[in-house]
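To start, the structure under review is shown below, and the notes come after it.
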Amino acid sequence: MECVLEQSLIFILALILDLTVGDPPEGVDRFYPIVWISRLMSFFDRRTKRGNPAKERVLGILYTVLILVLFSLPCASLTLIRNEFARILISAVVLKMTFTVSGLERFATPVLKARSVEEKRRAVQKIVSRRVEGLDESHLNSAAIESVAENLTDSVVAPFFYFSILSAFGLGVAGAMAYRVVNTLDAVVGYKSEKYRHFGWFAARADDFLNFIPERIAAYLILLVGKARSGAAERAKEARSEGTK
C-alpha cells in the first residue's frame, strides 16, 4: 500500500511539474535523457559498417539493449534512496522527463491560431517530418491532427501506461524511461531505408510491440472525447433552438 501511495505521489508531482513548468527551454533541453539517448545511438550508428545484414541486426539489438540498461537501471536504483522526500522528488523530476502533456498543446496551438495557409504551413512543418509545401488547408489540418494523435501515444499514454504497470513493484519511473528509450531509438534508426533496414529493425519492432496497447487506449480516448464534444455541441444547438421558440 505504501509503495502504491508513493508511486501515486510521484506521478501527481510529475504531472504538476509538466503543467506548471513544462518542457525545458532551448539550451537546457540538451540535458534531457531523450537528447542523450539519441546522441548515443547516433554515435554507434556512425561507427557501424553496412554490408552485412546479420551483423547489423546483432549490433542493432546489442546497442538498443545497452542503451536501455544505461538509462533504465539508474531509474530503478532510485528506490534505494533512503530519504523519502528526496526519493519522491527526484523520481518525479525524472518521470517528468519521459512525457509531456503541455507539449501537445504547445505544438497544436500555433496550427489552430494560424491566420493564413502559409502561417499554418510553417506551424505544421514544425511538428511533422514530411514536407508540407504542396498541402492545402484541409490536408495541413489532417497532418497536424495525425501528428498530435501519434504524440498522444508516444508522449503521454504509453509512458503513463508503463509507469502504472510497474508501479506495483516500485519501478514505475524505470518502466516509463524504458519505454522512452525504445521510442526514441525508433525515431533515430527505426526506418525501412537501406541504411537502417537491418540496423534499426529491433528498435522498430520493440517500439511497435510496446505501443500495441497504448495506441488502442489513445484511440479510445480520442473517440471518447470526440463523442463527448459532439454531444455537448448537439445539446448547445438544441438549447439555442429552444431559446428561439
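Going through the C-alpha cells in order, the chains are called A, B, and so on, while each chain numbers its residues from 1 and the ligands are numbered from 1 in the order shown.
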Checklist line | helix (DSSP H, G or I) call set, DSSP backbone run, segment 142-237 of chain A, as a VMD selection string | finding: chain A and resid 142 to 167 172 to 189 201 to 237
Note to self: So that I can see what lies close to segment 152-154 of chain A, please list as a list in words the residues with an atom at most 7 Å from it, counting only C-alpha atoms and leaving out residues fewer than 4 positions away in the same chain.
What the structure shows: Val148, Ala158, Pro214, Glu215 and Ala218 of chain A
Write out the residues from the selection above, keeping N, CA and C atoms, as a short mmCIF file (atom, residue, chain, number, x, y, z; two decimals), in the first residue's frame.
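What landed in part15.cif:
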```cif
data_model
loop_
_atom_site.label_atom_id
_atom_site.label_comp_id
_atom_site.auth_asym_id
_atom_site.auth_seq_id
_atom_site.Cartn_x
_atom_site.Cartn_y
_atom_site.Cartn_z
N VAL A 148 -0.48 15.05 -33.68
CA VAL A 148 -0.85 15.18 -32.28
C VAL A 148 -1.38 13.85 -31.74
N ALA A 158 1.54 6.09 -23.48
CA ALA A 158 2.48 4.97 -23.28
C ALA A 158 3.35 5.14 -22.03
N PRO A 214 -0.97 0.82 -25.74
CA PRO A 214 -1.16 2.27 -25.61
C PRO A 214 -1.81 2.93 -26.82
N GLU A 215 -1.50 2.46 -28.02
CA GLU A 215 -2.12 3.03 -29.22
C GLU A 215 -3.63 2.87 -29.19
N ALA A 218 -5.12 5.20 -26.59
CA ALA A 218 -5.16 6.57 -27.11
C ALA A 218 -6.30 6.76 -28.11
#
```
Contacts between segment 27-51 of chain A and segment 97-173 of chain A, please, where a residue of segment 97-173 of chain A counts if it comes within 12 Å (with only C-alpha atoms); show its shortest atom pair and distance in Å to one decimal, rows by chain and ascending number, as JSON lines.
```
{"residue": "A:Met97", "atom": "CA", "partner": "A:Tyr32", "partner_atom": "CA", "distance": 6.8}
{"residue": "A:Thr98", "atom": "CA", "partner": "A:Ile34", "partner_atom": "CA", "distance": 8.1}
{"residue": "A:Phe99", "atom": "CA", "partner": "A:Ile34", "partner_atom": "CA", "distance": 10.4}
{"residue": "A:Ser155", "atom": "CA", "partner": "A:Ile34", "partner_atom": "CA", "distance": 11.6}
```
Check: Using only C-alpha atoms, which of the listed residues (A:Asn141, A:Leu17, A:Arg57, A:Pro74) sits closest to Lys113 of chain A?
Finding: A:Asn141
Notebook entry, point to check: Neighbours of segment 79-87 of chain A within 10 Å (only C-alpha atoms; same-chain residues fewer than 3 positions away dropped), as a list in words?
Noted result: Glu6, Ile10, Pro74, Cys75, Ala76, Ile90, Ser91, Ala92, Gly170, Leu171 and Val173 of chain A
Notebook entry, point to check: What lies within 10 Å of Asn211 of chain A using only C-alpha atoms, ignoring chain neighbours under 2 positions off, as a VMD selection string?
Noted result: chain A and resid 153 to 154 157 to 159 161 179 183 205 to 209 213 to 217
Go ahead and save the residues from that selection, with N, CA and C atoms, as a PDB file, in the first residue's frame.
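Dumped to part_25.pdb:
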```pdb
ATOM      1  N   THR A 153       0.062   9.135 -28.011  1.00  0.00           N
ATOM      2  CA  THR A 153       0.517   7.799 -27.619  1.00  0.00           C
ATOM      3  C   THR A 153       1.940   7.841 -27.096  1.00  0.00           C
ATOM      4  N   ASP A 154       2.857   8.395 -27.910  1.00  0.00           N
ATOM      5  CA  ASP A 154       4.278   8.366 -27.582  1.00  0.00           C
ATOM      6  C   ASP A 154       4.636   9.194 -26.353  1.00  0.00           C
ATOM      7  N   VAL A 157       0.257   8.683 -23.272  1.00  0.00           N
ATOM      8  CA  VAL A 157      -0.416   7.439 -22.894  1.00  0.00           C
ATOM      9  C   VAL A 157       0.573   6.312 -22.587  1.00  0.00           C
ATOM     10  N   ALA A 158       1.543   6.091 -23.475  1.00  0.00           N
ATOM     11  CA  ALA A 158       2.477   4.972 -23.277  1.00  0.00           C
ATOM     12  C   ALA A 158       3.352   5.140 -22.033  1.00  0.00           C
ATOM     13  N   PRO A 159       3.978   6.319 -21.817  1.00  0.00           N
ATOM     14  CA  PRO A 159       4.751   6.478 -20.568  1.00  0.00           C
ATOM     15  C   PRO A 159       3.893   6.274 -19.324  1.00  0.00           C
ATOM     16  N   PHE A 161       1.181   4.468 -19.141  1.00  0.00           N
ATOM     17  CA  PHE A 161       0.797   3.060 -19.099  1.00  0.00           C
ATOM     18  C   PHE A 161       1.890   2.217 -18.441  1.00  0.00           C
ATOM     19  N   TYR A 179      10.355   2.700 -21.798  1.00  0.00           N
ATOM     20  CA  TYR A 179       9.558   2.988 -22.991  1.00  0.00           C
ATOM     21  C   TYR A 179      10.142   4.162 -23.759  1.00  0.00           C
ATOM     22  N   ASN A 183      11.257   4.139 -27.693  1.00  0.00           N
ATOM     23  CA  ASN A 183      10.555   5.044 -28.605  1.00  0.00           C
ATOM     24  C   ASN A 183      11.515   6.029 -29.262  1.00  0.00           C
ATOM     25  N   ARG A 205      10.786  -2.827 -34.141  1.00  0.00           N
ATOM     26  CA  ARG A 205       9.863  -3.890 -33.707  1.00  0.00           C
ATOM     27  C   ARG A 205       9.543  -3.753 -32.218  1.00  0.00           C
ATOM     28  N   ALA A 206      10.535  -3.390 -31.412  1.00  0.00           N
ATOM     29  CA  ALA A 206      10.312  -3.215 -29.976  1.00  0.00           C
ATOM     30  C   ALA A 206       9.335  -2.077 -29.723  1.00  0.00           C
ATOM     31  N   ASP A 207       9.466  -1.004 -30.501  1.00  0.00           N
ATOM     32  CA  ASP A 207       8.559   0.139 -30.351  1.00  0.00           C
ATOM     33  C   ASP A 207       7.136  -0.256 -30.751  1.00  0.00           C
ATOM     34  N   ASP A 208       7.003  -1.012 -31.837  1.00  0.00           N
ATOM     35  CA  ASP A 208       5.676  -1.485 -32.267  1.00  0.00           C
ATOM     36  C   ASP A 208       5.032  -2.336 -31.169  1.00  0.00           C
ATOM     37  N   PHE A 209       5.832  -3.203 -30.570  1.00  0.00           N
ATOM     38  CA  PHE A 209       5.328  -4.095 -29.520  1.00  0.00           C
ATOM     39  C   PHE A 209       4.864  -3.304 -28.295  1.00  0.00           C
ATOM     40  N   ILE A 213      -0.717  -1.789 -27.044  1.00  0.00           N
ATOM     41  CA  ILE A 213      -1.842  -1.474 -26.152  1.00  0.00           C
ATOM     42  C   ILE A 213      -2.038   0.036 -26.003  1.00  0.00           C
ATOM     43  N   PRO A 214      -0.974   0.815 -25.739  1.00  0.00           N
ATOM     44  CA  PRO A 214      -1.156   2.272 -25.607  1.00  0.00           C
ATOM     45  C   PRO A 214      -1.813   2.927 -26.817  1.00  0.00           C
ATOM     46  N   GLU A 215      -1.503   2.464 -28.024  1.00  0.00           N
ATOM     47  CA  GLU A 215      -2.122   3.032 -29.222  1.00  0.00           C
ATOM     48  C   GLU A 215      -3.631   2.866 -29.190  1.00  0.00           C
ATOM     49  N   ARG A 216      -4.076   1.727 -28.736  1.00  0.00           N
ATOM     50  CA  ARG A 216      -5.510   1.456 -28.687  1.00  0.00           C
ATOM     51  C   ARG A 216      -6.192   2.239 -27.562  1.00  0.00           C
ATOM     52  N   ILE A 217      -5.474   2.437 -26.481  1.00  0.00           N
ATOM     53  CA  ILE A 217      -6.009   3.272 -25.403  1.00  0.00           C
ATOM     54  C   ILE A 217      -6.152   4.714 -25.887  1.00  0.00           C
TER      55      ILE A 217
END
```
Mind running segment 21-117 of chain A against segment 122-136 of chain A at 12 Å and telling me each contacting residue's nearest atom pair with the distance in Å (one decimal), counting only C-alpha atoms, chain and number ascending, as a tab-separated table?
```
residue	atom	partner	partner_atom	distance
A:Gly103	CA	A:Ile127	CA	10.9
A:Leu104	CA	A:Ile127	CA	9.9
A:Glu105	CA	A:Ile127	CA	11.7
A:Arg106	CA	A:Ile127	CA	10.4
A:Phe107	CA	A:Ile127	CA	6.7
A:Ala108	CA	A:Ala123	CA	8.3
A:Thr109	CA	A:Ala123	CA	9.0
A:Pro110	CA	A:Ala123	CA	5.9
A:Val111	CA	A:Ala123	CA	5.4
A:Leu112	CA	A:Ala123	CA	9.2
A:Lys113	CA	A:Ala123	CA	9.5
A:Ala114	CA	A:Ala123	CA	7.7
A:Arg115	CA	A:Ala123	CA	11.0
A:Ser116	CA	A:Arg122	CA	10.0
A:Val117	CA	A:Asp136	CA	7.4
```
Notebook entry, point to check: Counting only C-alpha atoms, which of A:Leu185, A:Leu221, A:Val94, A:Leu70 gets nearest to Leu15 of chain A?
Noted result: A:Val94
